[in-house]
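Asks: Here it is, the structure, as structure tokens.
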Amino acid sequence: MDYDPQELEQRWRERWAESGRYEADPSDVAAHAGGDEAASDDEEPTFITVPYPYPSGGMHIGHARTYTVPDVYARYRRQQGDNVLFPIGWHVTGTPIIGAVERLKKREPKQMSVLQDTYNVPEETLSELETPMGFANHFIEEHYKKGMQSLGLSVDWRREFNTNDERYSQFITWQYETLRDHGRLEKGLHPVKFCTDEQQPVTTHDLLEGENAEFQEYTLVRFGWDREGTEVTVPMATLRPETVYGVTNAYIDPEADYVVADVDSEKWFVSAEAAEKLRLQAHDVEVLEEYEGSELVGQRVENPITGDDVLVLPAGFVDADNATGVVMSVPAHSPDDYVALQEAKADTEYLESFGIDPADVADIEPIPILDIEDDDEDWGEVPAQYAVESNGIESSDDPKLAKATKDLYNKEFHAGHLKDMYGEYAGELVKDVRERFKDDNADTGAFDLMQEFSEEVVCRCGGDVVVAEQDTWFLTYNDEDWKRMAHEVVDGMDTIPDNTRGEYDHTIDWLNEWPCIRNYGLGTRLPWDKDFVIEPLSDSTVYMAYYTIAHRLQDVPVEDLDREFFDALFYGEDAVDDADERALSLREEWQYWYPVDYRFSGNDLISNHLTFYLFHHADLFDESMWPQGIVIMGMGLLEGEKMSSSKGHVVLPGEAIEKYGADTVRFFLLNSAEPWQDYDWRADQVGSVRDQLNRFWNRGQDLIEGPDGDRDELQHIDRWLLSKLQDTVETVTEAMENSETRTASQAAFYGLEESLRWYRRRADLDRSGAQWTQRHVLETRLRLLAPFVPFLTNELHEQLTGTPAEDAPWPEVDAEFESTVVEVEERQVERLTEDVHDIIDVTDTDPETIRVYVAADWKNLVFDTVADVGTNVGQVMGEVMQHESLRERGNEVNQLVQDLVDVVRGLDDDAIEAMREMDEATVYEDATGFLRREFDADVEIYVEGSEDIHDPGERADKATPFRPAIHLE
RNA sequence: GCGAGGGUGGCUGAGCUAGGCCAAAAGCGGCGGGCUUAAGACCCGCUUCCGUAGGGAUUCGAGGGUUCAAAUCCCUUCCCUCGCACCA
């Protein structure tokens, strides 16, 4: 029977679907476990989850791996006898799907290309995708679900749901009401992207420009302007508040629009745009008067920290649409400002046109405020001057200026020590003191804050997008007691790989308040304010509990799923007055499956989703229900490059499965890297995996068609292979326990193949003992590989034994076949073979006779002594010289001891003991048949010093224990 | 900058948490051979350099150090990848 994965895999998919093979129920433990191996009573419930997919697009091969990794573990646990639940749901919360639909409706070319070229959506289907759930359902049904079923994921499909479902929403409602009662939610202000045209918040997907813009917190230094007796605040925006001591003047755009506005009952002079932004950032703003910037030019304003009056100069480079539109100038430390000042001084005519006395400007000198600590370069007193001059910058048009400025900012941030004028902050590094300096001066009222984007942001409608501060609800991840509980979850959890443990702790410490609602999107409304929707990362923190009851919840009318219902379900009948019986029944199933044994997830989710998952479990559930373990998964590449559905640089699972077969796809994905490592889908490698499986299949077929063989006819070489098999079982099992799928599958597949290669070369395969051995090895191997390549192994195992591999128990080490002695003995045969080959290669001869000389008895006596005494040469010599026969040999013995000590070093006790037990001459004698075939030569084995020895080459005395002398003729 | 993970032979990638069986697994590629009418597939062997006896020399980003012994431990240094949020 030829290997035809398509046909074979389809058959198994149908069998699984028809029998409901992976539907897991608490009461249904025994029914699915096949054959007599089922030990139903002590079957452990094992609950495995993976983040539910977000179907805002199709499924590609990277997703395939994400879901196959937990599947392999699930299959492994089933063979170990566990009752395993592996469910899947669909995450549709939030705006991505809505955004995708909008772009589809507009027939945006990029979006159309993704849908039609990358994900092959037929033209006539497009209209069905024009509603959010229509869109989601298409990708759920046509891509994810089909892909997952093709891959053979052992999912309990009865439990699927999506997060826009009314029952799920009741569950989330319960969660958020409970969290609020626990004090985990707080109302507050939060910066959002806000379109000034549409007058509403927008998301990243709504943007035309500035998708990567970051929120920046500017410090506003409140300069004072005595405007004919009226005190007016001129807030100057800066990202470097600590430079306030170095301010020599200020700049304003003389031609832009500015206003005097009432801001929180003070008069502020800011750009017209800034007034609007301040209004959006929760200030009370009323514009009183409108001016051009020139109004302020030539005026003197007072530095709130130093009390100095500085001159306001006109400058075209000031952007009125950035922050307040007024900036302070620190020429000693900003190359930009330094050059601007030089140019201002030079252009007397321009100054005079604003009524400024050029002499006043000429007097302005940079004020150094910090010293740069740098062993390599001397930045001088005025680092900005040094930066400008050493870079050969002549004018503000010089493109090098921006880089010089950025470099100096960086340098000063990390290596700048503040001068004495800073008092309590003097001597400190900028990076250590900036925040404190800012906060302290904000407290005294000298500074204010303002949010601004790092780059221009434009809405798709064409409107300006600015930072607005909006009332929102936060999850208070900054609560100390909550953080402490989250740390406790981490402490009690298995983190795979182990070096991720610190990342959870780090994230817990670093997390701040998290705004958990949005203005629109799919999902659940905030229970107490229906204008808002709970955002995606916040409605997906404890949903694993929902899987345990999702299918049965369908029988309960939505209106019954109130707070009390879920309280009874999750907290028991005592938690409510009159517990709903249905809830209590569901509670049993929840308690049966929970907690989650392992959650498999991408490493990028540690910093949000996974840690939220820990926080929420810590708050909502008892310690006994806390997550037991998380396995982190790496990222995927395609032919060495990032996958990208917008560029069409993806492989679809369906296409890969059609071309190679699902087993090949699975095996490649699990075997090419450990789950947490990044992997690279390379067609040539996948193709070769396919060839390997084909070869494996053919070999299997040959054995299945052949005779059973006879276990009573085992020879040395059979026992060797069987011993290797036990090693493999041990390695694979240990690896699987740690989710090391690569190690496990490598050992089971390639590792054993290695041994088999030697075995086939070494053994007479037609013997009945060899037949039995090979069939036994095949059967064990099929079970070990069943989690990885379930289709192929089920088929072969069923042909071989009548039972699918997945229904057979996981192999255990059979002590009867474990033998270090046999392995050590065979190792000697291998070495002898290698040595003979080496000699033949080097001498380029074709011997007719091979003579092997085993070391004399006295040499073995020395070995035994080394084995007893250890690797201390002196001690060994002392012991050895007790024997008179050895004492005579003096130097010879000394040399031998040295050699043998080297041999023994690094060997474990088992191996040394086995070496003592073995009789070299017999081992080689038994292998003469093989050696004769291998070298097509006569093989003679002698013991050094024996009477019948034939030693024409006089080589016998070169023999040492485990290193026989060899003579070729 | 902060946090995390890396730099190994033509490529991919083990080994490095417990230093010695490591010239360094395995796969791919390359070379040679077998099988075959032939190609593919399949099977076997070789694949750092030197060597007419199983050996030797030089390698695991770079430079030091510890040790009888280091790819593996310590220090310094260079380079690369990822994350740094309110977005799934």
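Residue numbers start at 1 in each chain; chains themselves are named A, B, ... in the order of the structure tokens; ligands are numbered from 1 in the order shown.
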Up to 12 Å from chain A, what residues of chain B turn up? Count only C-alpha atoms (C1' of nucleotides) and give them as a VMD selection string.
Replies: chain B and resid 1 to 6 11 to 14 17 19 to 21 25 to 29 41 to 46 50 to 55 68 to 69 81 to 88
Asks: Residues of range 808-899 of chain A in helix (DSSP H, G or I) according to DSSP, as an NGL selection string?
Replies: :A and (815-817 or 820-843 or 857-869 or 873-880 or 884-887 or 890-899)
Asks: Pro366 in chain A: which residues within 9 Å, counting only C-alpha atoms (C1' of nucleotides), same-chain residues fewer than 3 positions away excluded, as JSON, numbers by chain?
Replies: {"A": [246, 247, 248, 330, 331, 332, 333, 338, 382]}
Asks: Could the residues in this selection be written to a file with all heavy atoms, as an mmCIF file, in the first residue's frame?
Replies:
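After the write, result_14.cif holds the following:
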data_model
loop_
_atom_site.group_PDB
_atom_site.id
_atom_site.type_symbol
_atom_site.label_atom_id
_atom_site.label_comp_id
_atom_site.auth_asym_id
_atom_site.auth_seq_id
_atom_site.Cartn_x
_atom_site.Cartn_y
_atom_site.Cartn_z
ATOM 1 N N GLY A 246 18.921 76.400 31.597
ATOM 2 C CA GLY A 246 19.761 76.831 30.480
ATOM 3 C C GLY A 246 19.032 77.693 29.463
ATOM 4 O O GLY A 246 19.555 77.992 28.387
ATOM 5 N N VAL A 247 17.831 78.107 29.817
ATOM 6 C CA VAL A 247 17.034 78.880 28.865
ATOM 7 C C VAL A 247 17.591 80.296 28.726
ATOM 8 O O VAL A 247 17.809 80.983 29.715
ATOM 9 C CB VAL A 247 15.564 78.953 29.316
ATOM 10 C CG1 VAL A 247 14.754 79.842 28.370
ATOM 11 C CG2 VAL A 247 14.967 77.555 29.386
ATOM 12 N N THR A 248 17.827 80.688 27.483
ATOM 13 C CA THR A 248 18.362 82.030 27.241
ATOM 14 C C THR A 248 17.349 82.934 26.565
ATOM 15 O O THR A 248 17.464 84.153 26.600
ATOM 16 C CB THR A 248 19.587 81.944 26.306
ATOM 17 O OG1 THR A 248 19.170 81.314 25.098
ATOM 18 C CG2 THR A 248 20.697 81.154 26.954
ATOM 19 N N VAL A 330 17.538 76.580 24.459
ATOM 20 C CA VAL A 330 18.649 76.187 25.330
ATOM 21 C C VAL A 330 19.880 75.976 24.453
ATOM 22 O O VAL A 330 20.255 74.847 24.157
ATOM 23 C CB VAL A 330 18.305 74.905 26.110
ATOM 24 C CG1 VAL A 330 19.386 74.594 27.137
ATOM 25 C CG2 VAL A 330 16.957 75.019 26.792
ATOM 26 N N PRO A 331 20.487 77.056 24.000
ATOM 27 C CA PRO A 331 21.548 76.943 22.990
ATOM 28 C C PRO A 331 22.779 76.176 23.450
ATOM 29 O O PRO A 331 23.500 75.637 22.612
ATOM 30 C CB PRO A 331 21.893 78.408 22.678
ATOM 31 C CG PRO A 331 21.395 79.181 23.845
ATOM 32 C CD PRO A 331 20.208 78.457 24.377
ATOM 33 N N ALA A 332 23.006 76.077 24.739
ATOM 34 C CA ALA A 332 24.199 75.344 25.183
ATOM 35 C C ALA A 332 24.053 73.848 24.958
ATOM 36 O O ALA A 332 25.038 73.132 24.837
ATOM 37 C CB ALA A 332 24.472 75.639 26.660
ATOM 38 N N HIS A 333 22.816 73.362 24.893
ATOM 39 C CA HIS A 333 22.618 71.923 24.880
ATOM 40 C C HIS A 333 21.729 71.429 23.753
ATOM 41 O O HIS A 333 21.462 70.237 23.667
ATOM 42 C CB HIS A 333 22.068 71.462 26.232
ATOM 43 C CG HIS A 333 23.025 71.759 27.351
ATOM 44 N ND1 HIS A 333 24.184 71.051 27.553
ATOM 45 C CD2 HIS A 333 23.034 72.754 28.273
ATOM 46 C CE1 HIS A 333 24.845 71.553 28.572
ATOM 47 N NE2 HIS A 333 24.177 72.604 29.031
ATOM 48 N N TYR A 338 21.155 76.282 19.180
ATOM 49 C CA TYR A 338 22.442 76.952 19.022
ATOM 50 C C TYR A 338 22.540 77.593 17.640
ATOM 51 O O TYR A 338 22.879 78.769 17.501
ATOM 52 C CB TYR A 338 23.587 75.952 19.233
ATOM 53 C CG TYR A 338 24.946 76.595 19.129
ATOM 54 C CD1 TYR A 338 25.505 77.267 20.218
ATOM 55 C CD2 TYR A 338 25.679 76.547 17.936
ATOM 56 C CE1 TYR A 338 26.735 77.879 20.128
ATOM 57 C CE2 TYR A 338 26.910 77.160 17.834
ATOM 58 C CZ TYR A 338 27.449 77.820 18.932
ATOM 59 O OH TYR A 338 28.668 78.425 18.839
ATOM 60 N N VAL A 382 30.225 74.012 26.135
ATOM 61 C CA VAL A 382 28.969 74.178 25.410
ATOM 62 C C VAL A 382 28.835 73.027 24.400
ATOM 63 O O VAL A 382 29.265 73.138 23.251
ATOM 64 C CB VAL A 382 28.932 75.533 24.686
ATOM 65 C CG1 VAL A 382 27.601 75.716 23.959
ATOM 66 C CG2 VAL A 382 29.158 76.667 25.673
#
Asks: Just asking: which residues within range 334-424 of chain A are strand (DSSP E) according to DSSP, as number ranges by chain?
Replies: A: 370-372, 416-418
Asks: Mind checking which residues fall within 12 Å of Glu753 in chain A, counting only C-alpha atoms (C1' of nucleotides), ignoring those fewer than 4 positions away in the same chain, and posting them as JSON, numbers by chain?
Replies: {"A": [692, 693, 695, 696, 699, 721, 724, 725, 728, 745, 746, 747, 748, 749, 757, 758, 759, 760, 774, 777, 778, 781], "B": [26]}
Asks: Residues of the last selection are to be written out with N, CA, C and O atoms (P, O5', C5', C4', C3', O3' and C1' of nucleotides), as an mmCIF file, in the first residue's frame.
Replies:
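Full text of again-v4.cif as output:
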data_model
loop_
_atom_site.group_PDB
_atom_site.id
_atom_site.type_symbol
_atom_site.label_atom_id
_atom_site.label_comp_id
_atom_site.auth_asym_id
_atom_site.auth_seq_id
_atom_site.Cartn_x
_atom_site.Cartn_y
_atom_site.Cartn_z
ATOM 1 N N GLN A 692 10.708 11.849 4.117
ATOM 2 C CA GLN A 692 11.056 11.028 5.277
ATOM 3 C C GLN A 692 9.858 10.200 5.729
ATOM 4 O O GLN A 692 9.984 9.020 6.057
ATOM 5 N N LEU A 693 8.692 10.873 5.784
ATOM 6 C CA LEU A 693 7.496 10.147 6.226
ATOM 7 C C LEU A 693 7.144 9.054 5.232
ATOM 8 O O LEU A 693 6.711 7.971 5.624
ATOM 9 N N ARG A 695 9.217 7.377 3.431
ATOM 10 C CA ARG A 695 10.171 6.291 3.663
ATOM 11 C C ARG A 695 9.747 5.478 4.886
ATOM 12 O O ARG A 695 9.758 4.253 4.890
ATOM 13 N N PHE A 696 9.368 6.219 5.919
ATOM 14 C CA PHE A 696 8.919 5.561 7.147
ATOM 15 C C PHE A 696 7.711 4.653 6.855
ATOM 16 O O PHE A 696 7.632 3.528 7.323
ATOM 17 N N ARG A 699 8.785 1.455 4.933
ATOM 18 C CA ARG A 699 9.428 0.494 5.832
ATOM 19 C C ARG A 699 8.397 -0.188 6.699
ATOM 20 O O ARG A 699 8.453 -1.400 6.938
ATOM 21 N N LEU A 721 19.257 -3.175 19.956
ATOM 22 C CA LEU A 721 18.258 -2.252 19.418
ATOM 23 C C LEU A 721 17.125 -2.032 20.420
ATOM 24 O O LEU A 721 16.641 -0.912 20.606
ATOM 25 N N LYS A 724 18.267 0.351 23.006
ATOM 26 C CA LYS A 724 18.215 1.712 22.447
ATOM 27 C C LYS A 724 16.776 2.224 22.441
ATOM 28 O O LYS A 724 16.520 3.406 22.684
ATOM 29 N N LEU A 725 15.872 1.320 22.168
ATOM 30 C CA LEU A 725 14.466 1.712 22.143
ATOM 31 C C LEU A 725 14.022 2.199 23.531
ATOM 32 O O LEU A 725 13.281 3.181 23.650
ATOM 33 N N THR A 728 15.153 5.600 24.070
ATOM 34 C CA THR A 728 14.326 6.536 23.306
ATOM 35 C C THR A 728 13.009 6.811 24.024
ATOM 36 O O THR A 728 12.573 7.960 24.134
ATOM 37 N N SER A 745 10.241 14.530 19.122
ATOM 38 C CA SER A 745 10.036 13.952 17.798
ATOM 39 C C SER A 745 11.360 13.627 17.114
ATOM 40 O O SER A 745 11.460 12.672 16.357
ATOM 41 N N GLN A 746 12.370 14.412 17.414
ATOM 42 C CA GLN A 746 13.695 14.092 16.872
ATOM 43 C C GLN A 746 14.158 12.728 17.386
ATOM 44 O O GLN A 746 14.674 11.915 16.629
ATOM 45 N N ALA A 747 13.989 12.525 18.691
ATOM 46 C CA ALA A 747 14.453 11.275 19.285
ATOM 47 C C ALA A 747 13.665 10.099 18.733
ATOM 48 O O ALA A 747 14.239 9.074 18.358
ATOM 49 N N ALA A 748 12.350 10.265 18.665
ATOM 50 C CA ALA A 748 11.511 9.153 18.239
ATOM 51 C C ALA A 748 11.707 8.840 16.758
ATOM 52 O O ALA A 748 11.649 7.696 16.334
ATOM 53 N N PHE A 749 11.947 9.860 15.989
ATOM 54 C CA PHE A 749 12.026 9.654 14.549
ATOM 55 C C PHE A 749 13.473 9.522 14.076
ATOM 56 O O PHE A 749 13.911 8.455 13.677
ATOM 57 N N ARG A 757 19.654 2.219 11.391
ATOM 58 C CA ARG A 757 20.583 2.164 10.261
ATOM 59 C C ARG A 757 21.735 1.204 10.591
ATOM 60 O O ARG A 757 22.136 0.382 9.776
ATOM 61 N N TRP A 758 22.245 1.344 11.791
ATOM 62 C CA TRP A 758 23.327 0.457 12.225
ATOM 63 C C TRP A 758 22.815 -0.977 12.328
ATOM 64 O O TRP A 758 23.471 -1.919 11.906
ATOM 65 N N TYR A 759 21.612 -1.073 12.874
ATOM 66 C CA TYR A 759 21.030 -2.398 13.070
ATOM 67 C C TYR A 759 20.884 -3.130 11.736
ATOM 68 O O TYR A 759 21.226 -4.298 11.603
ATOM 69 N N ARG A 760 20.410 -2.426 10.747
ATOM 70 C CA ARG A 760 20.194 -3.070 9.442
ATOM 71 C C ARG A 760 21.520 -3.500 8.815
ATOM 72 O O ARG A 760 21.598 -4.510 8.128
ATOM 73 N N GLN A 774 12.023 -5.834 14.982
ATOM 74 C CA GLN A 774 11.663 -4.699 14.133
ATOM 75 C C GLN A 774 10.198 -4.330 14.267
ATOM 76 O O GLN A 774 9.841 -3.157 14.287
ATOM 77 N N VAL A 777 9.757 -2.608 17.597
ATOM 78 C CA VAL A 777 10.266 -1.249 17.542
ATOM 79 C C VAL A 777 9.294 -0.364 16.769
ATOM 80 O O VAL A 777 8.992 0.758 17.178
ATOM 81 N N LEU A 778 8.778 -0.884 15.678
ATOM 82 C CA LEU A 778 7.819 -0.109 14.885
ATOM 83 C C LEU A 778 6.594 0.242 15.724
ATOM 84 O O LEU A 778 6.147 1.390 15.751
ATOM 85 N N ARG A 781 7.391 2.863 18.269
ATOM 86 C CA ARG A 781 7.647 4.134 17.604
ATOM 87 C C ARG A 781 6.356 4.794 17.138
ATOM 88 O O ARG A 781 6.201 6.000 17.218
ATOM 89 P P A B 26 24.598 12.533 12.825
ATOM 90 O "O5'" A B 26 23.135 13.124 12.600
ATOM 91 C "C5'" A B 26 21.994 12.459 13.134
ATOM 92 C "C4'" A B 26 20.762 13.301 12.921
ATOM 93 C "C3'" A B 26 20.577 13.783 11.485
ATOM 94 O "O3'" A B 26 19.972 12.793 10.670
ATOM 95 C "C1'" A B 26 20.323 15.606 12.948
#
Asks: For CA of Phe667 in chain A and CA of Gly640 in chain A, determine how far apart the two atoms are, in Å to one decimal place.
Replies: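 Result for CA of Phe667 in chain A versus CA of Gly640 in chain A: 18.9 Å, one decimal.
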Asks: Name the residues in contact with Ile356 in chain A at a cut-off of 12 Å, using only C-alpha atoms (C1' of nucleotides), excluding same-chain residues fewer than 3 positions from it; report them as a PyMOL selection string.
Replies: chain A and resi 294+296-300+311-314+344-345+347-353+359-362
Asks: Which one of B:U58, B:U76, B:U8, B:U66 sits closest to A24 in chain B if you count only C-alpha atoms (C1' of nucleotides)?
Replies: B:U8
Asks: Go through B:C31, B:A70, B:A23, B:C60 and flag the residue nearest U48 in chain B, using only C-alpha atoms (C1' of nucleotides) for the distances.
Replies: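 The shortest atom-to-atom distance to U48 in chain B comes from B:A23.
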Asks: Compile the contact shell of G65 in chain B as a PyMOL selection string: residues with an atom at most 12 Å away, counting only C-alpha atoms (C1' of nucleotides), same-chain residues fewer than 6 positions apart removed.
Replies: chain B and resi 73-76
Asks: Would you mind exporting C-alpha atoms (C1' of nucleotides) of the selected residues as a PDB file, in the first residue's frame?
Replies:
ATOM      1  C1'   C B  73      32.267  28.312  33.801  1.00  0.00           C
ATOM      2  C1'   C B  74      33.998  33.808  34.845  1.00  0.00           C
ATOM      3  C1'   C B  75      35.284  38.882  32.985  1.00  0.00           C
ATOM      4  C1'   U B  76      35.633  42.420  28.954  1.00  0.00           C
TER       5        U B  76
END
Asks: What gap, in Å, lies between CA of Val327 in chain A and CA of Ala237 in chain A?
Replies: 5.8 Å
Asks: To one decimal place, how far is CA of Phe668 in chain A from CA of Leu756 in chain A in Å?
Replies: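 A separation of 21.6 Å between them.
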